[in-house]
Amino acid sequence: MRVISGKARGTQLLAPEGTATRPTIDRIKETLFNIIAFDIPGCMFLDLFSGSGAIGIESLSRGAKRAVFVEKDKKALTCIHKNLEKTKLEQQAVIYSCEVEEALSRLKNKQQQYDIIFLDPPYAMPQVEKILQNIVTSQLMSAESYIILERSTNTIVSLPQNLVLWKEKTYKTTTLSFLRKEITV
């Protein structure tokens, strides 16, 4: 696993041992960042269920203004810190060591909006819909913001009333769903 492009290009990243995290493979990561490339420079990036931090770090390497990482697993948090140090991107990063729901509550209180929110929960996680709804009601998104949900291709997700699917990319076992707030007239 490595940083694909940008100022930290080629840096090898650490991943936690075991099956508690499931790093996004480089091929999917590269396709994802090709899709969102023009939105990255200067953006505020929120990386939920960060794992090794590879997605948020890739966004920083490609010019994101700031990346916020949310992860509760101690081994994963150690990897995020080490990876940020290796890439020399720690000054642009904020790390929350807690459950995603708690982090969303704390971020809501800061009244900060994010341009891109990447969500890669455990594939068997039942409360994805609740987290999506929480993101919308927490006002973490502007009218131009979007969410990228990485999920198992076999997992069906019911979208909250205020979100719409505007793009989807499916691989053998992984699907990337791009979600926006519904525009009401």
# chains A, B, ... in the order shown; residues from 1 in each chain; ligands from 1
call {"tool": "residues_around", "arguments": {"residues": "Met125 (chain A)", "least_positions_apart": "3", "cutoff": "12 Å", "atoms": "only C-alpha atoms", "output": "VMD selection string"}}
result
chain A and resid 49 119 to 122 128 to 131 151 to 152 155 to 157
call {"tool": "select_by_dssp", "arguments": {"residues": "chain A", "states": "strand (DSSP E or B)", "output": "PyMOL selection string"}}
result
chain A and resi 2+12+44-48+66-70+93-96+114-119+141-152+163-170+174-181
call {"tool": "atom_distance", "arguments": {"atom1": "CA of Ala8 (chain A)", "atom2": "CA of Lys88 (chain A)"}}
result
7.9 Å
call {"tool": "residues_around", "arguments": {"residues": "Ile117 (chain A)", "least_positions_apart": "3", "cutoff": "6 Å", "atoms": "only C-alpha atoms", "output": "mmCIF file with C-alpha atoms, in the first residue's frame"}}
result
data_model
loop_
_atom_site.group_PDB
_atom_site.id
_atom_site.type_symbol
_atom_site.label_atom_id
_atom_site.label_comp_id
_atom_site.auth_asym_id
_atom_site.auth_seq_id
_atom_site.Cartn_x
_atom_site.Cartn_y
_atom_site.Cartn_z
ATOM 1 C CA PHE A 45 -11.685 16.064 3.612
ATOM 2 C CA LEU A 46 -13.368 13.918 6.275
ATOM 3 C CA ILE A 147 -20.152 11.548 0.429
#
call {"tool": "atom_distance", "arguments": {"atom1": "CA of Glu71 (chain A)", "atom2": "CA of Asn154 (chain A)"}}
result
24.3 Å
call {"tool": "select_by_dssp", "arguments": {"residues": "region 24-174 of chain A", "states": "alpha helix (DSSP H)", "output": "number ranges by chain"}}
result
A: 26-36, 54-61, 74-87, 100-110, 128-137
call {"tool": "write_last_selection", "arguments": {"atoms": "N, CA and C atoms", "output": "short mmCIF file (atom, residue, chain, number, x, y, z; two decimals), in the first residue's frame"}}
result
data_model
loop_
_atom_site.label_atom_id
_atom_site.label_comp_id
_atom_site.auth_asym_id
_atom_site.auth_seq_id
_atom_site.Cartn_x
_atom_site.Cartn_y
_atom_site.Cartn_z
N ASP A 26 -4.96 -0.45 -3.95
CA ASP A 26 -4.43 0.65 -4.75
C ASP A 26 -5.21 0.89 -6.04
N ARG A 27 -5.66 -0.18 -6.70
CA ARG A 27 -6.39 -0.03 -7.97
C ARG A 27 -7.69 0.74 -7.75
N ILE A 28 -8.42 0.42 -6.69
CA ILE A 28 -9.67 1.12 -6.39
C ILE A 28 -9.37 2.54 -5.93
N LYS A 29 -8.33 2.70 -5.12
CA LYS A 29 -7.95 4.03 -4.63
C LYS A 29 -7.57 4.93 -5.81
N GLU A 30 -6.82 4.39 -6.76
CA GLU A 30 -6.42 5.18 -7.92
C GLU A 30 -7.63 5.60 -8.75
N THR A 31 -8.55 4.70 -8.98
CA THR A 31 -9.77 5.03 -9.72
C THR A 31 -10.58 6.08 -8.98
N LEU A 32 -10.73 5.91 -7.67
CA LEU A 32 -11.47 6.87 -6.86
C LEU A 32 -10.87 8.27 -7.01
N PHE A 33 -9.56 8.38 -6.87
CA PHE A 33 -8.94 9.70 -6.94
C PHE A 33 -8.90 10.27 -8.35
N ASN A 34 -8.95 9.42 -9.37
CA ASN A 34 -9.12 9.93 -10.73
C ASN A 34 -10.49 10.57 -10.90
N ILE A 35 -11.51 9.99 -10.27
CA ILE A 35 -12.87 10.53 -10.35
C ILE A 35 -12.98 11.88 -9.64
N ILE A 36 -12.34 12.01 -8.48
CA ILE A 36 -12.51 13.22 -7.66
C ILE A 36 -11.32 14.19 -7.76
N ALA A 54 -4.95 5.79 4.74
CA ALA A 54 -4.47 5.88 3.36
C ALA A 54 -5.31 6.82 2.48
N ILE A 55 -6.63 6.82 2.66
CA ILE A 55 -7.48 7.65 1.80
C ILE A 55 -7.30 9.13 2.16
N GLY A 56 -7.36 9.46 3.43
CA GLY A 56 -7.15 10.84 3.85
C GLY A 56 -5.76 11.34 3.52
N ILE A 57 -4.76 10.48 3.67
CA ILE A 57 -3.39 10.85 3.34
C ILE A 57 -3.24 11.09 1.84
N GLU A 58 -3.88 10.26 1.04
CA GLU A 58 -3.85 10.48 -0.42
C GLU A 58 -4.46 11.83 -0.77
N SER A 59 -5.54 12.20 -0.08
CA SER A 59 -6.17 13.50 -0.35
C SER A 59 -5.22 14.64 0.03
N LEU A 60 -4.52 14.52 1.15
CA LEU A 60 -3.56 15.55 1.55
C LEU A 60 -2.39 15.63 0.56
N SER A 61 -1.91 14.48 0.15
CA SER A 61 -0.80 14.45 -0.80
C SER A 61 -1.17 15.15 -2.11
N LYS A 74 -7.00 1.07 18.19
CA LYS A 74 -5.69 1.57 18.65
C LYS A 74 -4.57 1.24 17.67
N LYS A 75 -4.56 0.03 17.10
CA LYS A 75 -3.52 -0.33 16.14
C LYS A 75 -3.62 0.54 14.89
N ALA A 76 -4.84 0.77 14.44
CA ALA A 76 -5.05 1.62 13.26
C ALA A 76 -4.61 3.05 13.55
N LEU A 77 -4.92 3.55 14.73
CA LEU A 77 -4.52 4.91 15.11
C LEU A 77 -2.99 5.06 15.10
N THR A 78 -2.31 4.04 15.59
CA THR A 78 -0.84 4.06 15.56
C THR A 78 -0.34 4.16 14.12
N CYS A 79 -0.97 3.40 13.22
CA CYS A 79 -0.59 3.44 11.79
C CYS A 79 -0.86 4.81 11.20
N ILE A 80 -2.00 5.42 11.52
CA ILE A 80 -2.32 6.75 10.98
C ILE A 80 -1.23 7.74 11.41
N HIS A 81 -0.89 7.74 12.69
CA HIS A 81 0.15 8.66 13.19
C HIS A 81 1.49 8.42 12.47
N LYS A 82 1.89 7.17 12.35
CA LYS A 82 3.17 6.85 11.69
C LYS A 82 3.13 7.20 10.22
N ASN A 83 1.99 6.95 9.55
CA ASN A 83 1.88 7.26 8.12
C ASN A 83 1.90 8.77 7.88
N LEU A 84 1.25 9.51 8.74
CA LEU A 84 1.28 10.97 8.60
C LEU A 84 2.70 11.51 8.81
N GLU A 85 3.39 10.91 9.77
CA GLU A 85 4.77 11.31 10.03
C GLU A 85 5.67 10.97 8.84
N LYS A 86 5.52 9.75 8.28
CA LYS A 86 6.32 9.33 7.12
C LYS A 86 6.10 10.25 5.92
N THR A 87 4.87 10.69 5.74
CA THR A 87 4.54 11.52 4.57
C THR A 87 4.74 13.01 4.84
N VAL A 100 -17.40 6.79 15.35
CA VAL A 100 -17.81 7.76 14.33
C VAL A 100 -18.96 8.64 14.82
N GLU A 101 -19.94 8.05 15.50
CA GLU A 101 -21.09 8.83 15.98
C GLU A 101 -20.65 9.94 16.93
N GLU A 102 -19.70 9.64 17.82
CA GLU A 102 -19.19 10.65 18.75
C GLU A 102 -18.44 11.75 17.99
N ALA A 103 -17.63 11.34 17.01
CA ALA A 103 -16.88 12.32 16.22
C ALA A 103 -17.82 13.23 15.46
N LEU A 104 -18.89 12.68 14.89
CA LEU A 104 -19.84 13.51 14.15
C LEU A 104 -20.49 14.54 15.06
N SER A 105 -20.79 14.15 16.28
CA SER A 105 -21.36 15.08 17.26
C SER A 105 -20.36 16.20 17.59
N ARG A 106 -19.10 15.83 17.80
CA ARG A 106 -18.07 16.83 18.12
C ARG A 106 -17.81 17.76 16.93
N LEU A 107 -17.82 17.21 15.72
CA LEU A 107 -17.60 18.03 14.52
C LEU A 107 -18.77 18.99 14.28
N LYS A 108 -19.97 18.53 14.58
CA LYS A 108 -21.15 19.40 14.44
C LYS A 108 -20.99 20.64 15.32
N ASN A 109 -20.49 20.43 16.53
CA ASN A 109 -20.30 21.55 17.46
C ASN A 109 -19.24 22.55 16.97
N LYS A 110 -18.33 22.09 16.12
CA LYS A 110 -17.30 22.98 15.57
C LYS A 110 -17.82 23.78 14.38
N VAL A 128 -25.21 1.83 8.89
CA VAL A 128 -24.68 2.76 7.89
C VAL A 128 -25.70 3.85 7.57
N GLU A 129 -26.96 3.46 7.41
CA GLU A 129 -28.02 4.44 7.10
C GLU A 129 -28.12 5.50 8.19
N LYS A 130 -28.00 5.07 9.44
CA LYS A 130 -28.07 6.00 10.57
C LYS A 130 -26.90 6.99 10.52
N ILE A 131 -25.71 6.51 10.19
CA ILE A 131 -24.54 7.39 10.09
C ILE A 131 -24.72 8.38 8.94
N LEU A 132 -25.22 7.91 7.80
CA LEU A 132 -25.48 8.81 6.67
C LEU A 132 -26.47 9.90 7.07
N GLN A 133 -27.53 9.52 7.75
CA GLN A 133 -28.51 10.51 8.20
C GLN A 133 -27.89 11.50 9.18
N ASN A 134 -27.05 10.99 10.05
CA ASN A 134 -26.37 11.84 11.03
C ASN A 134 -25.45 12.85 10.34
N ILE A 135 -24.78 12.44 9.28
CA ILE A 135 -23.92 13.36 8.52
C ILE A 135 -24.76 14.51 7.97
N VAL A 136 -25.91 14.19 7.39
CA VAL A 136 -26.77 15.21 6.80
C VAL A 136 -27.34 16.14 7.87
N THR A 137 -27.86 15.58 8.95
CA THR A 137 -28.49 16.41 9.98
C THR A 137 -27.46 17.19 10.81
#
call {"tool": "residues_around", "arguments": {"residues": "Ile40 (chain A)", "least_positions_apart": "5", "cutoff": "7 Å", "atoms": "only C-alpha atoms", "output": "MDAnalysis selection string"}}
result
chainID A and resid 59 62:64
call {"tool": "write_last_selection", "arguments": {"atoms": "N, CA and C atoms", "output": "short mmCIF file (atom, residue, chain, number, x, y, z; two decimals), in the first residue's frame"}}
result
data_model
loop_
_atom_site.label_atom_id
_atom_site.label_comp_id
_atom_site.auth_asym_id
_atom_site.auth_seq_id
_atom_site.Cartn_x
_atom_site.Cartn_y
_atom_site.Cartn_z
N SER A 59 -5.54 12.20 -0.08
CA SER A 59 -6.17 13.50 -0.35
C SER A 59 -5.22 14.64 0.03
N ARG A 62 -2.44 15.05 -2.48
CA ARG A 62 -2.92 15.65 -3.74
C ARG A 62 -3.40 17.09 -3.57
N GLY A 63 -3.25 17.66 -2.37
CA GLY A 63 -3.53 19.08 -2.21
C GLY A 63 -4.72 19.47 -1.37
N ALA A 64 -5.33 18.52 -0.65
CA ALA A 64 -6.42 18.89 0.26
C ALA A 64 -5.87 19.85 1.31
#
call {"tool": "atom_distance", "arguments": {"atom1": "CA of Glu17 (chain A)", "atom2": "CA of Met1 (chain A)"}}
result
13.0 Å
call {"tool": "closest_residue", "arguments": {"among": "A:Gly53, A:Asp39, A:Arg66, A:Gly10", "to": "Tyr146 (chain A)", "atoms": "only C-alpha atoms"}}
result
A:Asp39
call {"tool": "residues_around", "arguments": {"residues": "Met141 (chain A)", "least_positions_apart": "4", "cutoff": "7 Å", "atoms": "only C-alpha atoms", "output": "ChimeraX atom specification"}}
result
/A:113-115,136,145
call {"tool": "write_last_selection", "arguments": {"atoms": "N, CA and C atoms", "output": "compact mmCIF listing (two decimals), in the first residue's frame"}}
result
# COMPACT_ATOMS: atom_id res chain seq x y z
N GLN A 113 -17.80 22.56 7.79
CA GLN A 113 -18.34 21.75 6.70
C GLN A 113 -17.20 21.14 5.90
N TYR A 114 -17.47 19.98 5.33
CA TYR A 114 -16.48 19.23 4.58
C TYR A 114 -16.92 19.10 3.13
N ASP A 115 -15.97 19.24 2.24
CA ASP A 115 -16.26 19.15 0.82
C ASP A 115 -16.47 17.70 0.39
N VAL A 136 -25.91 14.19 7.39
CA VAL A 136 -26.77 15.21 6.80
C VAL A 136 -27.34 16.14 7.87
N SER A 145 -21.06 19.70 -1.31
CA SER A 145 -20.35 18.57 -0.71
C SER A 145 -20.92 17.24 -1.20
